[in-house]
Each structure stands twice: as structure tokens, then as C-alpha cells.
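**Q** Have a look at this one before I ask anything.
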Amino acid sequence: MKYTNVAIPAGSVWSSPFVRWQGVLADVSSLDLAAAVTTRALSDRSIDVTMVDEVVLGLTIPQQGSFFGAPTLAARIGIPGVTGPMVAQACATGVAALHAAAATVSGGGGVNLVVTTDRTSNGPSLIYPASSSIGGSPTVENLVQENFARDPWAGTSMLAAAELVASENGVTRSELDDVAALRFEQYQSSFADDRAFQRAYLVPVEVFQGRRSVMVEEDTGIRSKYREDIAPLRPVVEDGLHTGATQTHPADGAAGALVTTLERAREISGGAVIEIVSSGFARVERSHMPEAPVPAAMTALADAGLTMADVDAVTTHNPFAVNDVIFSRATGRDLDKMNNHGCSLIWGHPQAPTGTRAVAELITELTQRGGGVGLFTGCAAGDTAGALVVRVQD
């Protein structure tokens, strides 16, 4: 979908650090985290929250009280008269939430606040009535664990999809290890100059554990992916290719952005803006999820009237290393010309905020290089994907 007159004010996209699941955010509701991160982000950027006309909340894992979604979050951050939709599209929720905000702005203007948040730690167990079962015993589902393990329509896991795509395309274990090592090296580059790149968009999180306050200022739980460290690792499944190093880890976090018209964005930022140009969504053959980012990206680029040759920077959601191998082969984009400062393969995957953070990194890279066209694309459960094209300009 191509958008008309939609932009993010410069500096108005952010993310918390991501914390590996069962870490220091394990007992923090993702709604509490979203309220804290959003309030801090807006304050640090001197953004008056009362200018917000609508809140779009992206959330995929229910938390206590999340039935009330965006209205409750809006009230907690200081705008009790504002409401909006709650969006969930698995790993593509970040793009879906930005798409919802951009479509609203494109159609009628206003200022939309996008907030994406999830906690994979301590996911809920849901009890479904089943009166026809023996004795009326209910069906119990561990939401996170069971859905991570099995696509109910395809009948296979996301890891199985990654292994299938790797096998069908002749991808080798060495190629996957090379991607993981490269992405880890690229992530390390974001530490330069006292983490100047990350500090452009990361929002510190203050966590209270009893009476003790803990400040989370950087990603935690990341493990080394240097080539010599990952070479001895065994595949996760017998006769498979992916190891613990070549797939991402679940995490907890929150991210967000302000979306409005070009004119309003210039007023808020004092000049520079990030134009949201287009988005694209795609679904591929059953159990072929890692291939989906390619058609999603091509759709977004086509709607924008662009080709891959026009793109200056690319970030991806790559829960498996095979994703980037397939994307590179299909588009001709060199592996070392993507994810130049990090990606979800390294810093983890909290679901809803994953794509939003990748977009924040994309915008930060383009801003620091002086502008240009950027593409984010990433797969999602159900053999789907979402993509977004942005343009950074003065």
C-alpha cells in the first residue's frame, strides 16, 4: 500500500533494550513496560503527549488487563480522552501497527502514537471450555510455548519451516553460521563511541524488583556468535542445520513511534522527517515462512515505484539465519549490505516490538548517513511477512 503525506518526525521512533526471556523483565507486565517506555521516550524528546489523536497498540501475548488495550494505555500515559485499536499479526505486528497508523493519517491527518510491546516470559495458560469432552474437562493451552512450537494450520513448527526451506534451496550449515557470525559482528559495531548508534533510539527501562530499582540500559542475555564459538554447536533437531546460534531467542521489550502528516512532522521535529512511503504483506506456501519476506518487500517497493537498486539500507526480522540467505539470493542484496548495526537474530524477538525496533535502527542508519531510502522486511507466523519502505529527508 502506498501512503500519501505520512511521516515520522525525526527522532520520534524508539525502542527499549530487549531482555532475553526469563530475565529482569520476566515479571513485568508488557503493558506496564509500554507505559514506562512510552512516557520516558516522549519526555526525553520533549513531545507533548496531548497532541496525540489516536493510539495504536500492537500486542500479541495477552497480559492482565490487556482486554482494555489502547484506551487503558492512553490513560496511563496522560491522555485519558484518547483511544484506538489493538493490532496483532504475530511477528509482523510492528509493520501492521505502523500500517494502521499510516493509513489513518493518509486518509485524514492527525497524530498517531504507535506502541508495540510484548513479554514472551511467563506467557499465559488459557483455559477453553469443552463441554463435549469427557466430564466436560477444559482444553488448556500454554499460549507462548504451544504456538511457538506448532502452526495449527500447517501442522509444523517454525523451525521445521526454516529447515525445509534451507533443504529445498541447498543452503549449507556453513552459510548459516557465516550469517550469524556476520550479524553478531555488525551488532558489535553499534557499540562504537559509547553506543552512539543505539543511544539514538534506545530508551532505558527502570524495573522495580520489590523495593530495589534496576535500570536496564542495554540488551541483556545476548550470547556470543563468533565463528569459533558457534562452530561446535549441534543442530537443534536431528539432521537439521540450524543451531541455537542461527536462530533468535524469545525476549521482552517495547517500542514505538509518532506517525503524522509531513507538515505536522516538520513542526514537531523542527525540520527533518522520515516519510513512510509504502508497506507490503505476503503469504507463501505452507511451511515456507522464511521465503515470505521477499514477496512482502517486492510488493512494498513496487507500490512505492522503487526497486532494490533504489534502496540505501535494509533491515530484516530474521528469526532464522536462512531468512537472510534466501532474501539475498532472491533480491541480489549482498548479505553484508543488510542489518548493518544489528537484527533480531542477535538481540532477540519479543514479537510485537521486534519489527518496530528494526525500523528504528533502519531510520537511525539512514539519518546518520545523511538520508536515503530504507526497506524493512520480516517474516511472521502463518508463512506471512510484512515490509515497510521509508525515506529519510530534510
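So you can find residues: chains in the C-alpha cells are A, B, ... in the order shown, residues in each start at 1, and ligands are numbered from 1 in order.
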Which residues, written as a PyMOL selection string, have at least one atom at most 8 Å from region 212-225 of chain A, with only C-alpha atoms counted and residues fewer than 3 positions away on the same chain left out?

**A** chain A and resi 17-20+23+180-181+184+202-209+229-230+245+346-348

**Q** Name the residues in contact with region 384-389 of chain A at a cut-off of 7 Å, using only C-alpha atoms, excluding same-chain residues fewer than 5 positions from it; report them as a ChimeraX atom specification.

**A** /A:92,95,276-284,289,292-293,296-297,300-301,374-379

**Q** Quick one: pick out all helix (DSSP H, G or I) residues within region 252-312 of chain A from a backbone DSSP run and write them as a ChimeraX atom specification.

**A** /A:262-269,289-291,293-304,308-310

**Q** Please provide the set of residues having any atom within 9 Å of region 119-127 of chain A, restricted to only C-alpha atoms, with same-chain residues fewer than 6 positions apart removed, written as an NGL selection string.

**A** :A and (20-23 or 25-30 or 60-63 or 138-145 or 250-254 or 349-351)

**Q** Next, the residues of the selection above should be written as an mmCIF file, in the first residue's frame with N, CA and C atoms.

**A**
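Contents of again.cif, as written:
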data_model
loop_
_atom_site.group_PDB
_atom_site.id
_atom_site.type_symbol
_atom_site.label_atom_id
_atom_site.label_comp_id
_atom_site.auth_asym_id
_atom_site.auth_seq_id
_atom_site.Cartn_x
_atom_site.Cartn_y
_atom_site.Cartn_z
ATOM 1 N N ARG A 20 16.474 -10.994 27.178
ATOM 2 C CA ARG A 20 16.180 -12.408 26.919
ATOM 3 C C ARG A 20 15.128 -12.914 27.905
ATOM 4 N N TRP A 21 14.195 -13.718 27.382
ATOM 5 C CA TRP A 21 13.097 -14.148 28.254
ATOM 6 C C TRP A 21 13.595 -14.827 29.523
ATOM 7 N N GLN A 22 12.796 -14.660 30.568
ATOM 8 C CA GLN A 22 13.097 -15.065 31.935
ATOM 9 C C GLN A 22 14.257 -14.275 32.521
ATOM 10 N N GLY A 23 14.465 -13.067 31.987
ATOM 11 C CA GLY A 23 15.464 -12.152 32.536
ATOM 12 C C GLY A 23 14.813 -11.159 33.486
ATOM 13 N N LEU A 25 13.008 -8.633 33.063
ATOM 14 C CA LEU A 25 11.660 -8.151 32.740
ATOM 15 C C LEU A 25 10.617 -9.266 32.812
ATOM 16 N N ALA A 26 11.019 -10.435 33.292
ATOM 17 C CA ALA A 26 10.147 -11.607 33.251
ATOM 18 C C ALA A 26 8.845 -11.422 34.009
ATOM 19 N N ASP A 27 8.861 -10.636 35.060
ATOM 20 C CA ASP A 27 7.658 -10.455 35.876
ATOM 21 C C ASP A 27 7.020 -9.086 35.691
ATOM 22 N N VAL A 28 7.450 -8.361 34.666
ATOM 23 C CA VAL A 28 6.898 -7.038 34.384
ATOM 24 C C VAL A 28 5.862 -7.158 33.274
ATOM 25 N N SER A 29 4.627 -6.752 33.544
ATOM 26 C CA SER A 29 3.596 -6.776 32.507
ATOM 27 C C SER A 29 4.058 -5.961 31.311
ATOM 28 N N SER A 30 3.794 -6.465 30.114
ATOM 29 C CA SER A 30 4.206 -5.714 28.928
ATOM 30 C C SER A 30 3.442 -4.400 28.810
ATOM 31 N N THR A 60 0.727 -9.064 21.092
ATOM 32 C CA THR A 60 0.327 -10.403 20.642
ATOM 33 C C THR A 60 0.151 -11.395 21.774
ATOM 34 N N ILE A 61 0.711 -11.114 22.942
ATOM 35 C CA ILE A 61 0.634 -12.050 24.073
ATOM 36 C C ILE A 61 -0.179 -11.396 25.181
ATOM 37 N N PRO A 62 -1.374 -11.903 25.478
ATOM 38 C CA PRO A 62 -2.235 -11.253 26.465
ATOM 39 C C PRO A 62 -1.570 -11.090 27.826
ATOM 40 N N GLN A 63 -1.880 -9.973 28.453
ATOM 41 C CA GLN A 63 -1.443 -9.691 29.814
ATOM 42 C C GLN A 63 -2.695 -9.358 30.629
ATOM 43 N N PRO A 138 -11.822 -29.029 30.508
ATOM 44 C CA PRO A 138 -11.458 -27.958 29.580
ATOM 45 C C PRO A 138 -10.165 -28.260 28.830
ATOM 46 N N THR A 139 -9.969 -27.552 27.751
ATOM 47 C CA THR A 139 -8.720 -27.609 26.996
ATOM 48 C C THR A 139 -7.815 -26.495 27.504
ATOM 49 N N VAL A 140 -6.569 -26.840 27.774
ATOM 50 C CA VAL A 140 -5.610 -25.866 28.298
ATOM 51 C C VAL A 140 -4.514 -25.634 27.271
ATOM 52 N N GLU A 141 -4.208 -24.362 27.007
ATOM 53 C CA GLU A 141 -3.167 -24.011 26.040
ATOM 54 C C GLU A 141 -2.147 -23.085 26.689
ATOM 55 N N ASN A 142 -0.882 -23.494 26.663
ATOM 56 C CA ASN A 142 0.188 -22.572 27.031
ATOM 57 C C ASN A 142 0.453 -21.723 25.796
ATOM 58 N N LEU A 143 -0.026 -20.481 25.824
ATOM 59 C CA LEU A 143 -0.086 -19.668 24.616
ATOM 60 C C LEU A 143 1.256 -19.539 23.905
ATOM 61 N N VAL A 144 2.289 -19.177 24.650
ATOM 62 C CA VAL A 144 3.591 -18.943 24.031
ATOM 63 C C VAL A 144 4.229 -20.245 23.573
ATOM 64 N N GLN A 145 4.368 -21.180 24.487
ATOM 65 C CA GLN A 145 5.100 -22.409 24.174
ATOM 66 C C GLN A 145 4.441 -23.200 23.050
ATOM 67 N N PRO A 250 13.563 -15.810 22.221
ATOM 68 C CA PRO A 250 12.438 -15.005 22.683
ATOM 69 C C PRO A 250 12.931 -13.948 23.667
ATOM 70 N N ALA A 251 12.210 -12.837 23.727
ATOM 71 C CA ALA A 251 12.660 -11.733 24.576
ATOM 72 C C ALA A 251 11.463 -10.901 25.026
ATOM 73 N N ASP A 252 11.749 -9.910 25.861
ATOM 74 C CA ASP A 252 10.747 -8.974 26.358
ATOM 75 C C ASP A 252 11.179 -7.559 25.984
ATOM 76 N N GLY A 253 10.215 -6.711 25.601
ATOM 77 C CA GLY A 253 10.582 -5.340 25.244
ATOM 78 C C GLY A 253 9.388 -4.536 24.767
ATOM 79 N N ALA A 254 9.643 -3.273 24.448
ATOM 80 C CA ALA A 254 8.608 -2.367 23.948
ATOM 81 C C ALA A 254 9.254 -1.362 23.007
ATOM 82 N N HIS A 349 13.715 -11.513 20.078
ATOM 83 C CA HIS A 349 12.411 -11.398 19.412
ATOM 84 C C HIS A 349 11.271 -11.387 20.429
ATOM 85 N N PRO A 350 10.823 -10.184 20.829
ATOM 86 C CA PRO A 350 9.662 -10.100 21.725
ATOM 87 C C PRO A 350 8.324 -10.059 20.986
ATOM 88 N N GLN A 351 8.281 -10.406 19.721
ATOM 89 C CA GLN A 351 7.065 -10.382 18.912
ATOM 90 C C GLN A 351 6.711 -8.970 18.446
#

**Q** Looking at A:Ala36, A:Val111, A:Ile268, A:Ile363, which one is nearest to Met51 (chain A), with distances taken over only C-alpha atoms?

**A**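 The answer is A:Val111, which sits nearest to Met51 (chain A).
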
**Q** Out of region 158-277 of chain A, which residues get strand (DSSP E or B) from DSSP, as a PDB file with C-alpha atoms, in the first residue's frame?

**A**
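As written to disk, part-v4.pdb reads:
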ATOM      1  CA  LEU A 202      17.137   3.105  22.822  1.00  0.00           C
ATOM      2  CA  VAL A 205      13.919   0.932  31.375  1.00  0.00           C
ATOM      3  CA  GLU A 206      13.654   1.219  35.167  1.00  0.00           C
ATOM      4  CA  VAL A 207      12.462  -2.052  36.703  1.00  0.00           C
ATOM      5  CA  PHE A 208      11.382  -2.436  40.310  1.00  0.00           C
ATOM      6  CA  GLN A 209      12.056  -5.759  41.984  1.00  0.00           C
ATOM      7  CA  ARG A 212      15.022  -2.414  44.611  1.00  0.00           C
ATOM      8  CA  SER A 213      15.227  -0.470  41.354  1.00  0.00           C
ATOM      9  CA  VAL A 214      17.149  -1.904  38.388  1.00  0.00           C
ATOM     10  CA  MET A 215      17.956   0.212  35.331  1.00  0.00           C
ATOM     11  CA  VAL A 216      18.134  -1.685  32.035  1.00  0.00           C
ATOM     12  CA  THR A 220      20.734  -8.409  28.064  1.00  0.00           C
ATOM     13  CA  GLN A 247      18.002 -18.839  15.342  1.00  0.00           C
ATOM     14  CA  PRO A 250      12.438 -15.005  22.683  1.00  0.00           C
ATOM     15  CA  ALA A 251      12.660 -11.733  24.576  1.00  0.00           C
ATOM     16  CA  ASP A 252      10.747  -8.974  26.358  1.00  0.00           C
ATOM     17  CA  GLY A 253      10.582  -5.340  25.244  1.00  0.00           C
ATOM     18  CA  ALA A 254       8.608  -2.367  23.948  1.00  0.00           C
ATOM     19  CA  ALA A 255       8.987   0.093  21.072  1.00  0.00           C
ATOM     20  CA  GLY A 256       7.064   2.934  19.478  1.00  0.00           C
ATOM     21  CA  ALA A 257       6.824   5.832  17.050  1.00  0.00           C
ATOM     22  CA  LEU A 258       4.887   9.001  16.322  1.00  0.00           C
ATOM     23  CA  VAL A 259       3.118   8.995  12.932  1.00  0.00           C
ATOM     24  CA  THR A 260       1.556  12.100  11.397  1.00  0.00           C
ATOM     25  CA  VAL A 273      11.230  13.946   8.781  1.00  0.00           C
ATOM     26  CA  ILE A 274      11.059  10.276   7.861  1.00  0.00           C
ATOM     27  CA  GLU A 275       8.463   9.684   5.166  1.00  0.00           C
ATOM     28  CA  ILE A 276       6.542   6.422   5.410  1.00  0.00           C
ATOM     29  CA  VAL A 277       6.268   5.569   1.729  1.00  0.00           C
TER      30      VAL A 277
END
